[in-house]
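What follows is the content of entry27.pdb (PDB, C-alpha atoms and all ligand atoms).
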ATOM      1  CA  MET A   1     -18.716 -10.915  10.115  1.00  0.00           C
ATOM      2  CA  THR A   2     -18.318  -8.458   7.311  1.00  0.00           C
ATOM      3  CA  ASN A   3     -16.771  -5.300   8.666  1.00  0.00           C
ATOM      4  CA  ARG A   4     -13.938  -4.345   6.314  1.00  0.00           C
ATOM      5  CA  ILE A   5     -13.950  -3.844   2.563  1.00  0.00           C
ATOM      6  CA  ALA A   6     -12.182  -6.739   0.863  1.00  0.00           C
ATOM      7  CA  ALA A   7     -12.696  -8.995  -2.149  1.00  0.00           C
ATOM      8  CA  ASN A   8     -16.187 -10.514  -2.419  1.00  0.00           C
ATOM      9  CA  ILE A   9     -17.812  -7.861  -0.242  1.00  0.00           C
ATOM     10  CA  VAL A  10     -20.806  -5.958  -1.649  1.00  0.00           C
ATOM     11  CA  VAL A  11     -20.333  -2.282  -0.830  1.00  0.00           C
ATOM     12  CA  THR A  12     -23.018   0.395  -0.738  1.00  0.00           C
ATOM     13  CA  LEU A  13     -21.624   3.912  -0.925  1.00  0.00           C
ATOM     14  CA  SER A  14     -22.537   7.453  -1.824  1.00  0.00           C
ATOM     15  CA  TYR A  15     -20.001   9.544  -3.704  1.00  0.00           C
ATOM     16  CA  THR A  16     -19.191  12.859  -5.302  1.00  0.00           C
ATOM     17  CA  LEU A  17     -16.657  13.014  -8.116  1.00  0.00           C
ATOM     18  CA  ARG A  18     -14.916  16.296  -8.934  1.00  0.00           C
ATOM     19  CA  ALA A  19     -12.484  17.393 -11.623  1.00  0.00           C
ATOM     20  CA  ASP A  20      -9.218  19.243 -10.882  1.00  0.00           C
ATOM     21  CA  ASP A  21     -11.054  22.580 -11.004  1.00  0.00           C
ATOM     22  CA  GLY A  22     -13.546  21.427  -8.349  1.00  0.00           C
ATOM     23  CA  GLU A  23     -16.464  21.065 -10.744  1.00  0.00           C
ATOM     24  CA  ILE A  24     -18.746  18.139  -9.896  1.00  0.00           C
ATOM     25  CA  ILE A  25     -18.571  15.593 -12.725  1.00  0.00           C
ATOM     26  CA  ASP A  26     -20.746  12.907 -11.226  1.00  0.00           C
ATOM     27  CA  SER A  27     -22.368  11.885  -7.962  1.00  0.00           C
ATOM     28  CA  SER A  28     -24.707   9.276  -6.571  1.00  0.00           C
ATOM     29  CA  ASP A  29     -28.261  10.561  -6.220  1.00  0.00           C
ATOM     30  CA  GLU A  30     -29.774  11.202  -2.817  1.00  0.00           C
ATOM     31  CA  GLY A  31     -31.300   7.926  -1.628  1.00  0.00           C
ATOM     32  CA  ASN A  32     -29.838   6.023  -4.575  1.00  0.00           C
ATOM     33  CA  PRO A  33     -26.317   4.986  -3.582  1.00  0.00           C
ATOM     34  CA  LEU A  34     -23.872   3.029  -5.712  1.00  0.00           C
ATOM     35  CA  VAL A  35     -23.731  -0.708  -4.996  1.00  0.00           C
ATOM     36  CA  TYR A  36     -20.699  -2.633  -6.264  1.00  0.00           C
ATOM     37  CA  LEU A  37     -18.854  -5.913  -5.745  1.00  0.00           C
ATOM     38  CA  HIS A  38     -15.354  -5.279  -4.405  1.00  0.00           C
ATOM     39  CA  GLY A  39     -12.490  -7.010  -6.223  1.00  0.00           C
ATOM     40  CA  ALA A  40     -14.452  -7.456  -9.458  1.00  0.00           C
ATOM     41  CA  SER A  41     -13.361  -4.320 -11.336  1.00  0.00           C
ATOM     42  CA  ASN A  42     -16.845  -2.788 -11.055  1.00  0.00           C
ATOM     43  CA  ILE A  43     -15.206   0.571 -10.274  1.00  0.00           C
ATOM     44  CA  VAL A  44     -11.920   2.177 -11.357  1.00  0.00           C
ATOM     45  CA  PRO A  45      -8.864   0.377  -9.937  1.00  0.00           C
ATOM     46  CA  GLY A  46      -7.514   3.381  -8.000  1.00  0.00           C
ATOM     47  CA  LEU A  47     -10.758   3.839  -6.077  1.00  0.00           C
ATOM     48  CA  GLU A  48     -10.989   0.120  -5.368  1.00  0.00           C
ATOM     49  CA  GLU A  49      -7.460   0.300  -3.857  1.00  0.00           C
ATOM     50  CA  GLU A  50      -8.345   3.327  -1.722  1.00  0.00           C
ATOM     51  CA  LEU A  51     -11.481   1.670  -0.347  1.00  0.00           C
ATOM     52  CA  GLU A  52      -9.778  -1.607   0.579  1.00  0.00           C
ATOM     53  CA  GLY A  53     -10.006  -2.043   4.356  1.00  0.00           C
ATOM     54  CA  ALA A  54     -12.533   0.760   4.902  1.00  0.00           C
ATOM     55  CA  THR A  55     -15.546   0.165   7.099  1.00  0.00           C
ATOM     56  CA  GLU A  56     -19.181   1.250   7.367  1.00  0.00           C
ATOM     57  CA  GLY A  57     -19.545   4.952   8.155  1.00  0.00           C
ATOM     58  CA  ASP A  58     -16.076   5.873   6.865  1.00  0.00           C
ATOM     59  CA  SER A  59     -15.749   8.962   4.702  1.00  0.00           C
ATOM     60  CA  ILE A  60     -12.834   8.825   2.317  1.00  0.00           C
ATOM     61  CA  LYS A  61     -11.265  11.437   0.072  1.00  0.00           C
ATOM     62  CA  ALA A  62      -9.131  10.067  -2.728  1.00  0.00           C
ATOM     63  CA  SER A  63      -7.496  11.598  -5.783  1.00  0.00           C
ATOM     64  CA  ILE A  64      -7.033   8.975  -8.464  1.00  0.00           C
ATOM     65  CA  PRO A  65      -4.505   9.603 -11.267  1.00  0.00           C
ATOM     66  CA  PRO A  66      -5.558   8.740 -14.846  1.00  0.00           C
ATOM     67  CA  GLU A  67      -3.394   5.592 -14.826  1.00  0.00           C
ATOM     68  CA  LYS A  68      -5.611   4.166 -12.072  1.00  0.00           C
ATOM     69  CA  GLY A  69      -8.769   5.837 -13.351  1.00  0.00           C
ATOM     70  CA  TYR A  70      -9.973   5.808 -16.952  1.00  0.00           C
ATOM     71  CA  GLY A  71      -6.454   5.722 -18.394  1.00  0.00           C
ATOM     72  CA  PRO A  72      -4.353   8.314 -20.191  1.00  0.00           C
ATOM     73  CA  ARG A  73      -5.732   9.801 -23.393  1.00  0.00           C
ATOM     74  CA  ILE A  74      -4.810   7.724 -26.452  1.00  0.00           C
ATOM     75  CA  GLY A  75      -5.358   8.743 -30.049  1.00  0.00           C
ATOM     76  CA  GLU A  76      -7.576  11.503 -31.365  1.00  0.00           C
ATOM     77  CA  SER A  77     -11.238  11.912 -32.066  1.00  0.00           C
ATOM     78  CA  GLN A  78     -12.328  11.769 -35.694  1.00  0.00           C
ATOM     79  CA  GLU A  79     -15.422  12.402 -37.783  1.00  0.00           C
ATOM     80  CA  VAL A  80     -16.936   9.453 -39.594  1.00  0.00           C
ATOM     81  CA  PRO A  81     -19.926   9.390 -41.957  1.00  0.00           C
ATOM     82  CA  ARG A  82     -23.286   8.970 -40.234  1.00  0.00           C
ATOM     83  CA  ARG A  83     -24.185   6.255 -42.757  1.00  0.00           C
ATOM     84  CA  LEU A  84     -21.623   3.902 -41.146  1.00  0.00           C
ATOM     85  CA  PHE A  85     -24.154   3.510 -38.329  1.00  0.00           C
ATOM     86  CA  PRO A  86     -27.470   1.680 -38.707  1.00  0.00           C
ATOM     87  CA  ALA A  87     -30.124   4.151 -39.868  1.00  0.00           C
ATOM     88  CA  ASP A  88     -32.330   3.385 -36.872  1.00  0.00           C
ATOM     89  CA  ALA A  89     -29.513   3.594 -34.303  1.00  0.00           C
ATOM     90  CA  GLU A  90     -30.303   6.137 -31.615  1.00  0.00           C
ATOM     91  CA  LEU A  91     -26.993   7.947 -31.320  1.00  0.00           C
ATOM     92  CA  ALA A  92     -26.207  10.376 -28.537  1.00  0.00           C
ATOM     93  CA  ALA A  93     -23.117  12.156 -27.295  1.00  0.00           C
ATOM     94  CA  GLY A  94     -21.523  10.273 -24.420  1.00  0.00           C
ATOM     95  CA  MET A  95     -22.703   6.915 -25.723  1.00  0.00           C
ATOM     96  CA  GLN A  96     -20.199   4.058 -25.865  1.00  0.00           C
ATOM     97  CA  VAL A  97     -20.213   2.027 -29.053  1.00  0.00           C
ATOM     98  CA  VAL A  98     -18.233  -1.072 -29.988  1.00  0.00           C
ATOM     99  CA  ALA A  99     -16.923  -1.454 -33.538  1.00  0.00           C
ATOM    100  CA  HIS A 100     -15.144  -4.494 -34.974  1.00  0.00           C
ATOM    101  CA  ASP A 101     -12.010  -4.431 -37.105  1.00  0.00           C
ATOM    102  CA  ASP A 102     -11.480  -6.843 -40.019  1.00  0.00           C
ATOM    103  CA  GLN A 103     -10.085  -9.441 -37.606  1.00  0.00           C
ATOM    104  CA  GLY A 104     -13.229  -9.234 -35.518  1.00  0.00           C
ATOM    105  CA  ARG A 105     -11.508  -7.560 -32.598  1.00  0.00           C
ATOM    106  CA  GLN A 106     -13.662  -5.241 -30.527  1.00  0.00           C
ATOM    107  CA  ILE A 107     -12.803  -1.548 -30.631  1.00  0.00           C
ATOM    108  CA  PRO A 108     -14.734   0.463 -28.058  1.00  0.00           C
ATOM    109  CA  PHE A 109     -15.160   4.190 -28.641  1.00  0.00           C
ATOM    110  CA  PHE A 110     -17.298   7.055 -27.469  1.00  0.00           C
ATOM    111  CA  ILE A 111     -19.547   9.359 -29.437  1.00  0.00           C
ATOM    112  CA  THR A 112     -18.684  12.982 -28.700  1.00  0.00           C
ATOM    113  CA  GLY A 113     -20.685  14.804 -31.370  1.00  0.00           C
ATOM    114  CA  ILE A 114     -23.378  14.237 -33.984  1.00  0.00           C
ATOM    115  CA  SER A 115     -24.445  16.180 -37.038  1.00  0.00           C
ATOM    116  CA  GLU A 116     -26.752  15.225 -39.886  1.00  0.00           C
ATOM    117  CA  GLU A 117     -23.903  13.864 -42.006  1.00  0.00           C
ATOM    118  CA  THR A 118     -21.199  12.920 -39.529  1.00  0.00           C
ATOM    119  CA  VAL A 119     -20.577  11.429 -36.137  1.00  0.00           C
ATOM    120  CA  THR A 120     -17.537  12.410 -34.066  1.00  0.00           C
ATOM    121  CA  VAL A 121     -16.017   9.436 -32.309  1.00  0.00           C
ATOM    122  CA  ASP A 122     -13.244   9.340 -29.712  1.00  0.00           C
ATOM    123  CA  PRO A 123     -11.301   6.255 -28.564  1.00  0.00           C
ATOM    124  CA  ASN A 124     -10.999   7.784 -25.097  1.00  0.00           C
ATOM    125  CA  HIS A 125     -13.407   7.442 -22.205  1.00  0.00           C
ATOM    126  CA  PRO A 126     -14.768  10.946 -21.486  1.00  0.00           C
ATOM    127  CA  LEU A 127     -12.777  10.947 -18.218  1.00  0.00           C
ATOM    128  CA  ALA A 128      -9.519   9.601 -19.713  1.00  0.00           C
ATOM    129  CA  GLY A 129      -6.565  11.803 -18.788  1.00  0.00           C
ATOM    130  CA  GLU A 130      -8.443  13.283 -15.800  1.00  0.00           C
ATOM    131  CA  THR A 131      -7.438  13.024 -12.175  1.00  0.00           C
ATOM    132  CA  LEU A 132     -10.569  11.892 -10.337  1.00  0.00           C
ATOM    133  CA  HIS A 133     -11.247  13.521  -6.969  1.00  0.00           C
ATOM    134  CA  PHE A 134     -13.664  11.321  -5.042  1.00  0.00           C
ATOM    135  CA  GLU A 135     -15.442  11.903  -1.759  1.00  0.00           C
ATOM    136  CA  VAL A 136     -16.996   8.642  -0.683  1.00  0.00           C
ATOM    137  CA  THR A 137     -19.094   7.630   2.321  1.00  0.00           C
ATOM    138  CA  ILE A 138     -19.430   3.923   3.031  1.00  0.00           C
ATOM    139  CA  GLU A 139     -23.061   3.188   3.848  1.00  0.00           C
ATOM    140  CA  ALA A 140     -23.211  -0.588   4.136  1.00  0.00           C
ATOM    141  CA  LEU A 141     -21.208  -3.777   3.657  1.00  0.00           C
ATOM    142  CA  ARG A 142     -22.316  -7.368   3.267  1.00  0.00           C
ATOM    143  CA  ASP A 143     -20.870 -10.653   2.036  1.00  0.00           C
ATOM    144  CA  ALA A 144     -21.536 -11.375  -1.630  1.00  0.00           C
ATOM    145  CA  THR A 145     -23.509 -14.492  -2.515  1.00  0.00           C
ATOM    146  CA  GLU A 146     -21.871 -17.251  -4.546  1.00  0.00           C
ATOM    147  CA  GLU A 147     -24.008 -16.222  -7.500  1.00  0.00           C
ATOM    148  CA  GLU A 148     -22.851 -12.605  -7.265  1.00  0.00           C
ATOM    149  CA  ILE A 149     -19.221 -13.697  -7.112  1.00  0.00           C
ATOM    150  CA  ALA A 150     -19.732 -15.938 -10.158  1.00  0.00           C
ATOM    151  CA  HIS A 151     -21.370 -13.086 -12.088  1.00  0.00           C
ATOM    152  CA  GLY A 152     -18.892 -10.448 -10.936  1.00  0.00           C
ATOM    153  CA  HIS A 153     -21.565  -7.940  -9.870  1.00  0.00           C
ATOM    154  CA  PRO A 154     -24.086  -7.425  -7.066  1.00  0.00           C
ATOM    155  CA  HIS A 155     -27.759  -8.373  -7.307  1.00  0.00           C
ATOM    156  CA  GLY A 156     -30.793  -7.065  -5.487  1.00  0.00           C
ATOM    157  CA  ALA A 157     -31.607  -3.486  -4.491  1.00  0.00           C
ATOM    158  CA  GLY A 158     -29.261  -1.117  -6.306  1.00  0.00           C
ATOM    159  CA  GLY A 159     -27.489  -4.024  -8.016  1.00  0.00           C
ATOM    160  CA  HIS A 160     -27.980  -5.965 -11.209  1.00  0.00           C
ATOM    161  CA  ALA A 161     -31.483  -7.072 -12.119  1.00  0.00           C
ATOM    162  CA  HIS A 162     -31.757 -10.160 -14.329  1.00  0.00           C
TER     163      HIS A 162
HETATM  164 ZN    ZN B 201     -25.765 -11.360 -12.195  1.00  0.00          ZN
END
Translate this structure into structure tokens?
Ligand code: ZN
Amino acid sequence: MTNRIAANIVVTLSYTLRADDGEIIDSSDEGNPLVYLHGASNIVPGLEEELEGATEGDSIKASIPPEKGYGPRIGESQEVPRRLFPADAELAAGMQVVAHDDQGRQIPFFITGISEETVTVDPNHPLAGETLHFEVTIEALRDATEEEIAHGHPHGAGGHAH
């Protein structure tokens, strides 16, 4: 029987995420909890560690340092010409984009600002360098299916739709 969070368990949880100053950064919506596959890096590593062994109904408070969250900040944001992006690309602040260097390696970055002529891009996730203060309530646990384990994410209600 599935009663503790461990690898290959699909976890349904509700959460509130706060910054150091107590401001709410993110939360699951009422009636629309987060569903993830434990042990598959669906969530930040520090939170996955904190939830290991928890059971249905548990409420957990965890403060996750950047190293186990979205990483420390690396590099600086810069402005690049808007014309480097496809003319029909719908760009928005907060959007993650993947560029390729001349060796074809993927370089992920985030758009942090847009003007008519330029786009400001940042190599850091918006929450890089932040300590993440989570309050989590475990709503349900179940065993993952073989297909979910193979895909590395949950399917069905609240999960991945193919
Ligand atoms: Zn899938």
Write out as a PDB file with C-alpha atoms, in the frame of the given file which residues come within 12 Å of Arg142 of chain A when counting all atoms listed in the file, dropping same-chain ones fewer than 6 positions away.
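Output (part-v8.pdb):
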ATOM      1  CA  MET A   1     -18.716 -10.915  10.115  1.00  0.00           C
ATOM      2  CA  THR A   2     -18.318  -8.458   7.311  1.00  0.00           C
ATOM      3  CA  ASN A   3     -16.771  -5.300   8.666  1.00  0.00           C
ATOM      4  CA  ARG A   4     -13.938  -4.345   6.314  1.00  0.00           C
ATOM      5  CA  ILE A   5     -13.950  -3.844   2.563  1.00  0.00           C
ATOM      6  CA  ALA A   6     -12.182  -6.739   0.863  1.00  0.00           C
ATOM      7  CA  ALA A   7     -12.696  -8.995  -2.149  1.00  0.00           C
ATOM      8  CA  ASN A   8     -16.187 -10.514  -2.419  1.00  0.00           C
ATOM      9  CA  ILE A   9     -17.812  -7.861  -0.242  1.00  0.00           C
ATOM     10  CA  VAL A  10     -20.806  -5.958  -1.649  1.00  0.00           C
ATOM     11  CA  VAL A  11     -20.333  -2.282  -0.830  1.00  0.00           C
ATOM     12  CA  THR A  12     -23.018   0.395  -0.738  1.00  0.00           C
ATOM     13  CA  VAL A  35     -23.731  -0.708  -4.996  1.00  0.00           C
ATOM     14  CA  TYR A  36     -20.699  -2.633  -6.264  1.00  0.00           C
ATOM     15  CA  LEU A  37     -18.854  -5.913  -5.745  1.00  0.00           C
ATOM     16  CA  HIS A  38     -15.354  -5.279  -4.405  1.00  0.00           C
ATOM     17  CA  THR A  55     -15.546   0.165   7.099  1.00  0.00           C
ATOM     18  CA  GLU A  56     -19.181   1.250   7.367  1.00  0.00           C
ATOM     19  CA  GLU A 148     -22.851 -12.605  -7.265  1.00  0.00           C
ATOM     20  CA  PRO A 154     -24.086  -7.425  -7.066  1.00  0.00           C
ATOM     21  CA  HIS A 155     -27.759  -8.373  -7.307  1.00  0.00           C
TER      22      HIS A 155
END
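A straight line drawn from atom CA of Ala157 of chain A to atom CA of Ala54 of chain A is 21.7 Å long.
If one restricts the calculation to all atoms listed in the file, the set of residues situated within 8 Å of ligand ZN 201 (chain B) consists of Glu147, Glu148, Ala150, His151, Gly152, His153, Pro154, His155, His160, Ala161 and His162 of chain A.
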(message) Which residue is closest to Asn32 of chain A? Choose from A:Ala19, A:Leu13, A:Ala99, A:Leu47 and count all atoms listed in the file.
(response)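 Among the listed residues, the smallest separation from Asn32 of chain A belongs to A:Leu13.
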(request) Quote the spacing between atom CA of Gly113 of chain A and atom CA of Val97 of chain A in Å to one decimal place. (result) 13.0 Å
(request) Would you mind telling me which residue in A:Glu76, A:Glu135, A:Asp26, A:Glu116 lies nearest to Leu91 of chain A when using all atoms listed in the file? (result)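 Distance minimum relative to Leu91 of chain A lands on A:Glu116.
Closest to Arg82 of chain A among A:His133, A:Lys68, A:Asp143, A:Ser115 is A:Ser115, based on all atoms listed in the file.
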(message) Could you check which residues have any atom within 8 Å of (-24.2, 7.9, -3.8), counting all atoms listed in the file with coordinates taken straight from the file, and then list them as a list of chain:residue names?
(response)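 Residues found, by chain and rising number: A:Leu13, A:Ser14, A:Tyr15, A:Thr16, A:Ser27, A:Ser28, A:Asp29, A:Glu30, A:Gly31, A:Asn32, A:Pro33, A:Leu34, A:Val136, A:Thr137.
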(request) Write out as a PyMOL selection string which residues come within 10 Å of Glu79 of chain A when counting all atoms listed in the file, dropping same-chain ones fewer than 4 positions away. (result) chain A and resi 111-115+117-122
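Atom CA of Asp58 of chain A is found 8.1 Å from atom CA of Glu139 of chain A.
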(request) Find the residues around segment 104-110 of chain A up to 10 Å (all atoms listed in the file counted), leave out those fewer than 4 positions away in its own chain, and share them as a ChimeraX atom specification. (result) /A:77,92-100,120-126
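Applied to the file shown here, the PyMOL selection byres (((chain A and resi 63) around 6) and not hetatm) selects the residues Ala62, Ile64, Leu132 and His133 of chain A.
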Could you list, as a PDB file with C-alpha atoms, in the coordinates of the input, every residue matched by the PyMOL selection byres (((chain A and resi 128) around 7) and not hetatm) in this structure?
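So selection18.pdb came out as:
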ATOM      1  CA  PRO A  66      -5.558   8.740 -14.846  1.00  0.00           C
ATOM      2  CA  TYR A  70      -9.973   5.808 -16.952  1.00  0.00           C
ATOM      3  CA  GLY A  71      -6.454   5.722 -18.394  1.00  0.00           C
ATOM      4  CA  PRO A  72      -4.353   8.314 -20.191  1.00  0.00           C
ATOM      5  CA  ARG A  73      -5.732   9.801 -23.393  1.00  0.00           C
ATOM      6  CA  ASN A 124     -10.999   7.784 -25.097  1.00  0.00           C
ATOM      7  CA  HIS A 125     -13.407   7.442 -22.205  1.00  0.00           C
ATOM      8  CA  PRO A 126     -14.768  10.946 -21.486  1.00  0.00           C
ATOM      9  CA  LEU A 127     -12.777  10.947 -18.218  1.00  0.00           C
ATOM     10  CA  GLY A 129      -6.565  11.803 -18.788  1.00  0.00           C
ATOM     11  CA  GLU A 130      -8.443  13.283 -15.800  1.00  0.00           C
TER      12      GLU A 130
END
(message) Can you pull out the residues contacting Gly46 of chain A? Cut-off 7 Å, using all atoms listed in the file, and skip same-chain residues under 2 positions away; I want them as a ChimeraX atom specification.
(response) /A:44,48-50,64,68-69
Restrict the selected residues to C-alpha atoms and save them as a PDB file, in the coordinates of the input.
ATOM      1  CA  VAL A  44     -11.920   2.177 -11.357  1.00  0.00           C
ATOM      2  CA  GLU A  48     -10.989   0.120  -5.368  1.00  0.00           C
ATOM      3  CA  GLU A  49      -7.460   0.300  -3.857  1.00  0.00           C
ATOM      4  CA  GLU A  50      -8.345   3.327  -1.722  1.00  0.00           C
ATOM      5  CA  ILE A  64      -7.033   8.975  -8.464  1.00  0.00           C
ATOM      6  CA  LYS A  68      -5.611   4.166 -12.072  1.00  0.00           C
ATOM      7  CA  GLY A  69      -8.769   5.837 -13.351  1.00  0.00           C
TER       8      GLY A  69
END
